[in-house]
$ cat run_11.cif   # mmCIF, C-alpha atoms
data_target
#
loop_
_atom_site.label_atom_id
_atom_site.label_comp_id
_atom_site.auth_asym_id
_atom_site.auth_seq_id
_atom_site.Cartn_x
_atom_site.Cartn_y
_atom_site.Cartn_z
CA MET X 7 -0.21 -15.70 -20.83
CA PRO X 8 2.31 -15.96 -17.96
CA LYS X 9 2.65 -19.36 -16.33
CA LEU X 10 1.25 -19.58 -12.82
CA PRO X 11 3.52 -20.69 -9.96
CA GLU X 12 3.32 -24.27 -8.75
CA PHE X 13 1.17 -25.05 -5.74
CA PHE X 14 2.46 -27.24 -2.92
CA ASP X 15 1.51 -28.16 0.65
CA THR X 16 3.10 -26.94 3.89
CA PRO X 17 2.24 -27.65 7.55
CA ASN X 18 0.28 -24.35 7.55
CA GLY X 19 -1.66 -25.11 4.38
CA PRO X 20 -1.05 -24.74 0.63
CA THR X 21 1.22 -22.11 -0.88
CA VAL X 22 2.92 -21.34 -4.19
CA ALA X 23 6.54 -21.58 -5.27
CA GLY X 24 8.41 -18.28 -4.94
CA ALA X 25 5.76 -16.62 -2.75
CA SER X 26 6.89 -13.04 -2.10
CA PRO X 27 5.70 -9.43 -2.30
CA ALA X 28 7.19 -9.20 -5.82
CA LEU X 29 5.30 -12.29 -6.98
CA LEU X 30 2.09 -10.98 -5.42
CA ALA X 31 2.46 -7.70 -7.33
CA ALA X 32 2.97 -9.64 -10.58
CA LEU X 33 -0.05 -11.87 -9.93
CA LEU X 34 -2.26 -8.88 -9.16
CA ASP X 35 -1.17 -7.19 -12.39
CA GLU X 36 -1.96 -10.39 -14.28
CA LEU X 37 -5.37 -10.46 -12.59
CA VAL X 38 -6.09 -6.94 -13.89
CA ASN X 39 -5.10 -8.05 -17.40
CA THR X 40 -7.18 -11.22 -17.18
CA LEU X 41 -10.27 -9.36 -16.01
CA GLY X 42 -9.73 -6.74 -18.70
CA SER X 43 -9.76 -9.45 -21.38
CA LEU X 44 -13.26 -10.34 -20.15
CA GLY X 45 -14.43 -6.74 -20.34
CA ILE X 46 -14.12 -6.18 -16.58
CA HIS X 47 -12.20 -2.96 -15.99
CA LEU X 48 -11.25 -2.92 -12.33
CA ASP X 49 -10.42 0.78 -12.23
CA TYR X 50 -14.08 1.59 -12.88
CA SER X 51 -15.00 0.14 -9.49
CA ALA X 52 -11.84 -0.09 -7.36
CA GLN X 53 -10.27 2.73 -5.39
CA PRO X 54 -6.61 3.72 -5.89
CA GLY X 55 -4.05 2.14 -3.61
CA LEU X 56 -2.70 3.70 -0.42
CA PRO X 57 0.84 4.83 0.46
CA GLU X 58 2.95 2.29 2.35
CA SER X 59 3.46 4.71 5.25
CA GLU X 60 -0.29 5.06 5.77
CA ILE X 61 -0.90 1.30 5.66
CA ARG X 62 1.78 0.58 8.24
CA ALA X 63 0.78 3.47 10.50
CA ARG X 64 -2.91 2.54 10.56
CA LEU X 65 -2.18 -1.06 11.51
CA ALA X 66 0.29 0.08 14.15
CA GLN X 67 -2.55 1.96 15.85
CA PHE X 68 -4.03 -1.47 16.63
CA GLY X 69 -0.73 -2.97 17.71
CA LEU X 70 -0.49 -4.86 14.41
CA THR X 71 2.38 -5.26 11.99
CA ALA X 72 1.66 -4.93 8.28
CA PRO X 73 3.27 -7.83 6.39
CA ASP X 74 5.04 -6.68 3.25
CA GLU X 75 2.49 -8.61 1.19
CA LEU X 76 -0.33 -6.67 2.84
CA VAL X 77 1.40 -3.43 1.87
CA VAL X 78 1.49 -4.65 -1.75
CA TRP X 79 -2.21 -5.56 -1.51
CA PHE X 80 -3.50 -2.19 -0.29
CA SER X 81 -0.98 -0.28 -2.41
CA TRP X 82 -2.46 -2.05 -5.45
CA ARG X 83 -6.13 -1.22 -4.79
CA ASN X 84 -7.94 -0.01 -1.69
CA GLY X 85 -11.14 -1.98 -2.11
CA TYR X 86 -14.15 -0.93 -4.14
CA SER X 87 -15.70 2.52 -4.07
CA ARG X 88 -18.99 2.96 -2.24
CA GLU X 89 -20.65 4.18 -5.43
CA SER X 90 -19.63 1.11 -7.40
CA GLU X 91 -20.79 -1.21 -4.63
CA GLU X 92 -24.17 0.53 -4.43
CA ARG X 93 -24.52 0.27 -8.20
CA ARG X 94 -23.56 -3.40 -8.15
CA VAL X 95 -26.16 -4.17 -5.49
CA ARG X 96 -28.87 -2.36 -7.45
CA MET X 97 -27.96 -4.37 -10.54
CA ARG X 98 -27.75 -7.62 -8.54
CA ALA X 99 -24.36 -8.11 -10.12
CA HIS X 100 -21.39 -9.94 -8.69
CA ALA X 101 -18.15 -8.35 -7.56
CA PRO X 102 -15.55 -8.03 -10.36
CA ILE X 103 -13.17 -10.61 -8.85
CA PRO X 104 -14.56 -14.10 -8.17
CA ASN X 105 -14.06 -15.39 -4.63
CA LEU X 106 -12.25 -12.17 -3.57
CA PRO X 107 -14.81 -9.47 -2.66
CA LEU X 108 -12.36 -6.68 -1.82
CA THR X 109 -12.80 -4.18 0.98
CA ASP X 110 -10.86 -1.04 1.86
CA LEU X 111 -8.37 -0.72 4.70
CA ALA X 112 -10.63 1.49 6.81
CA SER X 113 -13.43 -1.10 6.64
CA SER X 114 -11.00 -3.92 7.44
CA LEU X 115 -9.84 -2.13 10.56
CA GLU X 116 -13.38 -1.13 11.51
CA SER X 117 -14.33 -4.81 11.35
CA TYR X 118 -11.26 -5.65 13.44
CA GLN X 119 -12.22 -3.10 16.09
CA GLY X 120 -15.74 -4.49 16.12
CA MET X 121 -14.38 -7.97 16.81
CA LEU X 122 -12.24 -6.65 19.66
CA ASP X 123 -15.19 -4.79 21.17
CA PHE X 124 -17.44 -7.82 20.91
CA VAL X 125 -15.12 -10.19 22.74
CA ALA X 126 -13.85 -7.65 25.30
CA PRO X 127 -14.77 -8.36 28.96
CA PRO X 128 -17.37 -9.25 29.99
CA GLY X 129 -17.92 -10.33 26.37
CA PRO X 130 -19.76 -13.48 25.29
CA PRO X 131 -20.05 -16.24 27.91
CA GLU X 132 -18.78 -18.96 25.58
CA ASP X 133 -15.34 -19.45 24.05
CA PRO X 134 -14.81 -16.20 22.10
CA ALA X 135 -12.94 -18.06 19.35
CA MET X 136 -16.26 -19.39 18.09
CA TYR X 137 -17.15 -15.81 17.09
CA TYR X 138 -13.93 -15.13 15.19
CA PHE X 139 -14.68 -17.40 12.19
CA GLY X 140 -10.90 -17.69 11.89
CA ALA X 141 -10.12 -13.95 12.09
CA GLY X 142 -9.48 -13.27 15.76
CA PRO X 143 -6.92 -10.98 17.40
CA GLY X 144 -3.97 -10.39 15.10
CA TRP X 145 -5.92 -11.18 11.91
CA ILE X 146 -7.68 -8.67 9.64
CA ARG X 147 -10.20 -9.40 6.90
CA LEU X 148 -9.44 -8.40 3.32
CA THR X 149 -12.90 -9.07 1.97
CA SER X 150 -16.25 -7.37 2.42
CA SER X 151 -18.08 -10.17 4.23
CA ALA X 152 -17.58 -12.49 7.19
CA VAL X 153 -16.77 -15.21 4.66
CA GLY X 154 -13.54 -14.42 2.81
CA VAL X 155 -9.79 -14.00 3.09
CA ALA X 156 -8.00 -12.79 6.23
CA ILE X 157 -4.29 -12.28 6.89
CA GLU X 158 -2.16 -12.57 10.02
CA CYS X 159 -0.60 -9.24 11.04
CA LEU X 160 1.82 -10.24 13.77
CA GLY X 161 5.57 -10.76 13.78
CA ASN X 162 8.22 -9.97 11.19
CA PRO X 163 6.71 -8.03 8.26
CA GLU X 164 9.24 -9.59 5.87
CA GLU X 165 8.08 -13.14 6.62
CA THR X 166 5.54 -14.79 4.34
CA PRO X 167 2.21 -14.39 6.13
CA ARG X 168 -0.39 -16.99 6.91
CA VAL X 169 -3.83 -16.45 5.39
CA ARG X 170 -7.21 -17.96 6.14
CA PHE X 171 -10.58 -18.35 4.51
CA THR X 172 -12.89 -17.20 7.28
CA GLU X 173 -15.94 -19.41 7.59
CA TYR X 174 -18.84 -19.72 10.02
CA ASP X 175 -17.66 -23.27 10.75
CA PHE X 176 -13.95 -22.39 10.74
CA SER X 177 -11.92 -25.15 12.37
CA TYR X 178 -8.45 -25.08 13.88
CA VAL X 179 -7.99 -28.81 13.29
CA ASP X 180 -4.80 -30.41 11.96
CA PRO X 181 -4.32 -30.74 9.02
CA PRO X 182 -5.53 -27.18 8.68
CA MET X 183 -8.74 -26.41 6.82
CA TYR X 184 -9.37 -22.89 5.52
CA GLN X 185 -5.68 -22.03 5.93
CA ALA X 186 -2.90 -21.25 3.47
CA VAL X 187 0.41 -19.41 3.24
CA SER X 188 0.88 -16.10 1.35
CA LEU X 189 -1.65 -13.85 -0.37
CA CYS X 190 -0.08 -15.11 -3.58
CA THR X 191 -1.96 -18.36 -3.05
CA PRO X 192 -5.61 -17.16 -3.22
CA VAL X 193 -4.76 -14.78 -6.08
CA ALA X 194 -3.10 -17.61 -8.02
CA TRP X 195 -6.11 -19.84 -7.29
CA THR X 196 -8.41 -17.17 -8.73
CA LEU X 197 -6.32 -16.86 -11.88
CA TYR X 198 -6.20 -20.64 -12.24
CA GLY X 199 -9.97 -20.82 -11.81
CA ILE X 200 -10.63 -18.24 -14.52
CA ARG X 201 -8.20 -19.90 -16.93
CA GLU X 202 -9.59 -23.39 -16.34
CA GLY X 203 -13.26 -22.42 -16.56
CA ALA X 204 -14.04 -22.79 -12.86
CA TYR X 205 -15.13 -19.14 -12.86
CA THR X 206 -17.14 -18.04 -15.91
CA TRP X 207 -18.22 -14.43 -16.42
CA ASP X 208 -21.57 -13.58 -18.02
CA PRO X 209 -21.33 -9.99 -19.31
CA ALA X 210 -25.10 -9.78 -19.81
CA THR X 211 -25.95 -10.36 -16.16
CA ARG X 212 -22.53 -9.30 -14.83
CA ARG X 213 -22.40 -12.40 -12.72
CA TRP X 214 -19.89 -15.20 -12.19
CA SER X 215 -20.84 -18.86 -12.30
CA THR X 216 -18.67 -21.40 -10.53
CA ALA X 217 -17.86 -24.99 -11.50
CA GLY X 218 -16.32 -26.24 -8.27
CA PHE X 219 -14.84 -29.38 -9.81
CA ARG X 220 -12.63 -27.20 -12.02
CA LEU X 221 -11.01 -25.36 -9.11
CA HIS X 222 -7.42 -26.29 -8.33
CA PRO X 223 -7.37 -29.42 -6.14
CA SER X 224 -5.40 -27.62 -3.42
CA GLN X 225 -8.05 -24.88 -3.28
CA ARG X 226 -10.83 -27.42 -2.92
CA ALA X 227 -8.91 -29.34 -0.26
CA ALA X 228 -8.25 -26.18 1.76
CA GLY X 229 -11.86 -25.00 1.53
CA PHE X 230 -11.06 -21.62 -0.06
CA SER X 231 -14.28 -21.46 -2.08
#

$ encode --input "run_11.cif" --output "C-alpha cells"
Amino acid sequence: MPKLPEFFDTPNGPTVAGASPALLAALLDELVNTLGSLGIHLDYSAQPGLPESEIRARLAQFGLTAPDELVVWFSWRNGYSRESEERRVRMRAHAPIPNLPLTDLASSLESYQGMLDFVAPPGPPEDPAMYYFGAGPGWIRLTSSAVGVAIECLGNPEETPRVRFTEYDFSYVDPPMYQAVSLCTPVAWTLYGIREGAYTWDPATRRWSTAGFRLHPSQRAAGFS
C-alpha cells in the first residue's frame, strides 16, 4: 500500500507535499485500486476520460484556463454515466467514492453557466457572492451537487490550483474555511479516510458510513466533509 503524502498548512488552506499533476494521477490510480479491493469497480459506473485538447477548449469557451491538475482529473474519468446514476438512485445507494460525488465536464460547465446567468444584471438584489457557495466566477464544480469540491480556473495552468469545498454557509474568512490547495489534497483525504476507517463501505446496502472523528485532522479543520 503506497504511503500517502504528508499534509501541511498554507495561507490558502491545507495541501500535501509534492502536489502536482503527476502526484494527482498516482493518487487517482491508488483510489481505483483501493475501491477495487472493496468490490467497488469504478469502470462499471464512471465514464471514460476526455482528451486534453477538448478539456482545455471547452473551458476556454467560458474564458477559463484549465489547470494541469484539472486536465488530469477529467482525463482520468469524466464523471458517472447517467445510467449508473439512475440505477444508484433507484437502489438508494451511495456514490462509489465517499465525499467526492463526481460529475462530468459538460455538467460542470452547465452549472457554471447557470451561475453566470443567475447573477447577471439585473440579477439578485443582494450581494451575489452569497449565491456562489464558494464557486463564483472563475471556479467550476467537480461534484454533482451544490455541496462538494470546486477548482479555480484562472491564471497559469501550470500553477498548483486552489480548491474549495462549496457549502451553503461558505465563508471567505481568514484563516480560510472550506479552502485547500491542489486536487491532490481532497483525493489524499479520501484515501486516508478509507484506510483509517473514517469511511466504511457496506456491500449489502452499497452505502458508506462516516466516522468523522477518524478523518484527517486537516480535513476536519478545513471543513471538507

$ residues_around --input "run_11.cif" --residues "X:Gly199" --least-positions-apart "4" --cutoff "8 Å" --atoms "all atoms listed in the file" --output "ChimeraX atom specification"
/X:195,203-205,220-222

$ residues_around --input "run_11.cif" --residues "X:Leu56" --least-positions-apart "4" --cutoff "9 Å" --atoms "all atoms listed in the file" --output "PyMOL selection string"
chain X and resi 60-61+77+80-84+111

$ atom_distance --input "run_11.cif" --atom1 "atom CA of X:Trp79" --atom2 "atom CA of X:Phe219"
28.2 Å

$ resolve_selection --input "run_11.cif" --expression "the PyMOL selection byres ((chain X and resi 224) around 8)" --output "list in words"
Phe13, Phe14, Pro20, His222, Pro223, Gln225, Arg226, Ala227 and Ala228 of chain X

$ write_last_selection --input "run_11.cif" --atoms "C-alpha atoms" --output "mmCIF file, in the coordinates of the input"
data_model
loop_
_atom_site.group_PDB
_atom_site.id
_atom_site.type_symbol
_atom_site.label_atom_id
_atom_site.label_comp_id
_atom_site.auth_asym_id
_atom_site.auth_seq_id
_atom_site.Cartn_x
_atom_site.Cartn_y
_atom_site.Cartn_z
ATOM 1 C CA PHE X 13 1.170 -25.050 -5.740
ATOM 2 C CA PHE X 14 2.460 -27.240 -2.920
ATOM 3 C CA PRO X 20 -1.050 -24.740 0.630
ATOM 4 C CA HIS X 222 -7.420 -26.290 -8.330
ATOM 5 C CA PRO X 223 -7.370 -29.420 -6.140
ATOM 6 C CA GLN X 225 -8.050 -24.880 -3.280
ATOM 7 C CA ARG X 226 -10.830 -27.420 -2.920
ATOM 8 C CA ALA X 227 -8.910 -29.340 -0.260
ATOM 9 C CA ALA X 228 -8.250 -26.180 1.760
#

$ residues_around --input "run_11.cif" --residues "X:Met7" --least-positions-apart "3" --cutoff "10 Å" --atoms "all atoms listed in the file" --output "ChimeraX atom specification"
/X:10,36,39-40,201

$ atom_distance --input "run_11.cif" --atom1 "atom CA of X:Leu115" --atom2 "atom CA of X:Leu48"
22.9 Å

$ closest_residue --input "run_11.cif" --among "X:Ile200, X:Ala217, X:Val153, X:Cys159" --to "X:Pro73" --atoms "all atoms listed in the file"
X:Cys159

$ closest_residue --input "run_11.cif" --among "X:Pro102, X:Pro11, X:Gly19, X:Ser51" --to "X:Asp208" --atoms "only C-alpha atoms"
X:Pro102

$ resolve_selection --input "run_11.cif" --expression "the PyMOL selection byres ((chain X and resi 170) around 6)" --output "ChimeraX atom specification"
/X:155-156,169,171-172,184-185

$ closest_residue --input "run_11.cif" --among "X:Thr16, X:Ser215, X:Thr21, X:Ser59" --to "X:Val78" --atoms "only C-alpha atoms"
X:Ser59

$ residues_around --input "run_11.cif" --residues "X:Tyr118" --least-positions-apart "2" --cutoff "12 Å" --atoms "all atoms listed in the file" --output "MDAnalysis selection string"
chainID X and resid 65 67:70 111:116 120:125 138 141:148 152 156:159

$ residues_near_point --input "run_11.cif" --point "(-17.8, 5.0, -4.4)" --cutoff "12 Å" --atoms "all atoms listed in the file" --output "JSON, numbers by chain"
{"X": [49, 50, 51, 52, 53, 54, 84, 85, 86, 87, 88, 89, 90, 91, 92, 93, 94, 109, 110]}

$ resolve_selection --input "run_11.cif" --expression "the PyMOL selection byres ((chain X and resi 164) around 10)" --output "ChimeraX atom specification"
/X:26-27,72-75,161-163,165-167

$ atom_distance --input "run_11.cif" --atom1 "atom CA of X:Pro192" --atom2 "atom CA of X:Trp207"
18.5 Å

$ closest_residue --input "run_11.cif" --among "X:Gly140, X:Ser117, X:Leu34, X:Leu197" --to "X:Tyr174" --atoms "all atoms listed in the file"
X:Gly140

$ residues_around --input "run_11.cif" --residues "X:Trp214" --least-positions-apart "2" --cutoff "9 Å" --atoms "all atoms listed in the file" --output "list in words"
Ala99, His100, Ala101, Pro102, Ile103, Pro104, Tyr205, Thr206, Trp207, Asp208, Pro209, Thr211, Arg212 and Thr216 of chain X

$ closest_residue --input "run_11.cif" --among "X:Gly55, X:Pro8, X:Pro17, X:Gly229" --to "X:Leu29" --atoms "all atoms listed in the file"
X:Pro8
